[in-house]
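Q: What follows is a structure written as structure tokens; I'll ask about it next.
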Amino acid sequence: MILLYLPTVLASLGLILATSSFISGLQIIRTSNPSIDAKIHKFNGYVSISIYIILTVFGFVNSGFNPLVLLAWLSGLSVILVKLWIVKKRRRTLKKYVSWFGVTIVIIWLYLTYIHIPI
Amino acid sequence: MRTTLKVSCFSWTYAKNLSFIIASALLLIYGSAAVAQAAVLRVPGEYKKIQAAVDAASPGDVIIVAGGAYLENILIKKPLSIRSSGGVDETVIEAADKTKATVTVEGTSGVSLVGFTFKGSESAGLRIFNSKGVRVINIKAVESENGAVLISSTETQIFNSNMDYNTSFGLYLERSQYNNIRENTMSYNGDKGLFLSYSSNNTISGNSVNLNSWNGILLWFSNDNNINNNRTLRNTYGLVIGESSGNILTDNVTLPNIFIIMPVLLIYTGVLVYLIQKYTVTLLYGD
């Protein structure tokens, strides 16, 4: 029973944190003193990536290993990592991409929530 | 006295041997007859059409159908075992006359159907009418008006089969008693997954009845059924019981169709979580 609902719960939690992370990421760019938002962003980022990896493992345990599916999971992970890199660098030229990556991450989590609702 | 005893012993021994010989002969004759009864008919080897093999078969015969696409309506009115050699996905029977069921089992008992895909009927993929003890194993009854329909039938076993993607019902039982429906899927149907109407004392266990447009499982004027260990997920209504009594429901899992609204709620929750996080961090670390 727990295994039935756990991926959905994790994916839902990921979507909440991705949304929060997206807002905090935008705030980091906009405000001159981003320390609070940086802390929120960091916390949400670590938890989200951990959940993402757990969901990847769940997916392979339930459906078996498939290299193409692994590629899809890795591409999603790369989006998260690129966004983290941009925020960490805090380069003026890269900052405009944060919002796009943030939206992409929210969409990825939306998709994850959909596919992990158990059937 | 001694002579009489000898004769008596001889008679007893003789009678015993004679009984043994007669019994052996009867067993041999019966055994030969039994072997002769269960003939194996092959489609398309000996018969081009499955119906031709059904017509030619005697009760108790086995019909083995090779993989391929068969465009015909099949009517079975005698106890036969019909199974595919190519597997369920490779052995596809599509209704030639769309107004009739693809396969109909009518007025008989002991029919066995294993490993077919039935589809393309505006009536039903499989229709079992007024029959007893029909066994349906590893069947796909898909893309028809109804997947499988049982009317006035008893002791049917439907096991490990898929009755998905039909316009109305996955499986419909009407006035059918003591049937065993277990470990099947009845999902993505246009109306209901499983519909029991005036059908009692059936066992429904271990089925997945998900993502149907209306009800997952509906019991209507159906009593004393045992519904256990089924999943009815993301239907409009999972498990609906009306005008029925004495049904036993145990360990069924239901999840309502919240997948549309849930992500929206989660994003709103995300905004709230951000505000809470910001407030908490500000309290802890200051501005």
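In the structure tokens, the first chain shown is A, the next is B, and so on; residue numbers restart at 1 for each chain, and ligands run from 1 in the order shown.
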For chain A, report every residue with an atom at most 8 Å from chain B (counting only C-alpha atoms), formatted as a list in words.
A: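 Every residue meeting the condition is included here: Ser12, Leu15, Ile16, Leu17, Ala18, Thr19, Ser20, Ser21, Ile23, Ser24, Ile36, Asp37, Lys39, Ile40, Leu110, Thr113, Tyr114, Ile117, Pro118 and Ile119 of chain A.
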Q: Residues near B:Ser153, anyone? I mean within 6 Å using only C-alpha atoms, not counting same-chain ones fewer than 6 positions away, as a list of chain:residue names.
A: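 Once the nearby chain positions are removed, what remains is B:Phe129, B:Asn130, B:Ser131, B:Lys132, B:Ser176.
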Q: Could you write out that same residue set with N, CA and C atoms as a PDB file, in the first residue's frame?
A:
```
ATOM      1  N   PHE B 129     -23.599 -16.774 -23.235  1.00  0.00           N
ATOM      2  CA  PHE B 129     -25.038 -16.740 -22.993  1.00  0.00           C
ATOM      3  C   PHE B 129     -25.539 -18.120 -22.570  1.00  0.00           C
ATOM      4  N   ASN B 130     -26.230 -18.153 -21.439  1.00  0.00           N
ATOM      5  CA  ASN B 130     -26.905 -19.372 -20.977  1.00  0.00           C
ATOM      6  C   ASN B 130     -25.950 -20.573 -20.938  1.00  0.00           C
ATOM      7  N   SER B 131     -24.778 -20.346 -20.399  1.00  0.00           N
ATOM      8  CA  SER B 131     -23.765 -21.399 -20.388  1.00  0.00           C
ATOM      9  C   SER B 131     -23.239 -21.618 -18.969  1.00  0.00           C
ATOM     10  N   LYS B 132     -22.529 -22.729 -18.790  1.00  0.00           N
ATOM     11  CA  LYS B 132     -22.034 -23.080 -17.460  1.00  0.00           C
ATOM     12  C   LYS B 132     -20.573 -23.518 -17.541  1.00  0.00           C
ATOM     13  N   SER B 176     -26.319 -13.453 -13.941  1.00  0.00           N
ATOM     14  CA  SER B 176     -25.289 -14.504 -13.948  1.00  0.00           C
ATOM     15  C   SER B 176     -24.797 -14.729 -12.516  1.00  0.00           C
TER      16      SER B 176
END
```
Q: Hey, what's within 12 Å of B:Gly45 if we count only C-alpha atoms and toss same-chain stuff fewer than 6 positions away? As a ChimeraX atom specification, please?
A: /B:52-53,63-67
Q: For stretch 105-117 of chain B, list every protein, DNA or RNA residue within 9 Å, evaluated using only C-alpha atoms, and leave out those in the same chain fewer than 5 positions away; present the list as a PyMOL selection string.
A: chain B and resi 60+74-94+125-142+153+161
Q: Would you kindly return, as a PyMOL selection string, each protein, DNA or RNA residue with an atom no farther than 10 Å from any atom of B:Val240, considering only C-alpha atoms and excluding same-chain residues fewer than 3 positions away?
A: chain B and resi 195+215-220+237
Q: Please measure the separation of atom CA of A:Gly76 and atom CA of A:Ile29, giving the value in Å to one decimal.
A: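 A separation of 22.9 Å between them.
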Q: Rounded to one decimal place, report the atom CA of A:Ile80-atom CA of A:Gly64 distance in Å.
A: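 Distance reported for this atom pair: 24.2 Å.
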Q: Taking the DSSP assignment computed from this structure's backbone, write out as JSON, numbers by chain all residues of stretch 63-278 of chain B that belong to strand (DSSP E).
A: {"B": [63, 64, 65, 68, 69, 70, 71, 74, 75, 76, 81, 82, 83, 84, 91, 92, 93, 94, 103, 104, 105, 106, 112, 113, 114, 117, 118, 119, 126, 127, 128, 129, 135, 136, 137, 140, 141, 142, 148, 149, 150, 151, 157, 158, 159, 169, 170, 171, 172, 173, 174, 180, 181, 182, 192, 193, 194, 195, 196, 197, 203, 204, 205, 215, 216, 217, 218, 219, 220, 226, 227, 228, 231, 232, 233, 237, 238, 239, 240, 241, 242, 248, 249, 250, 253, 254, 255]}
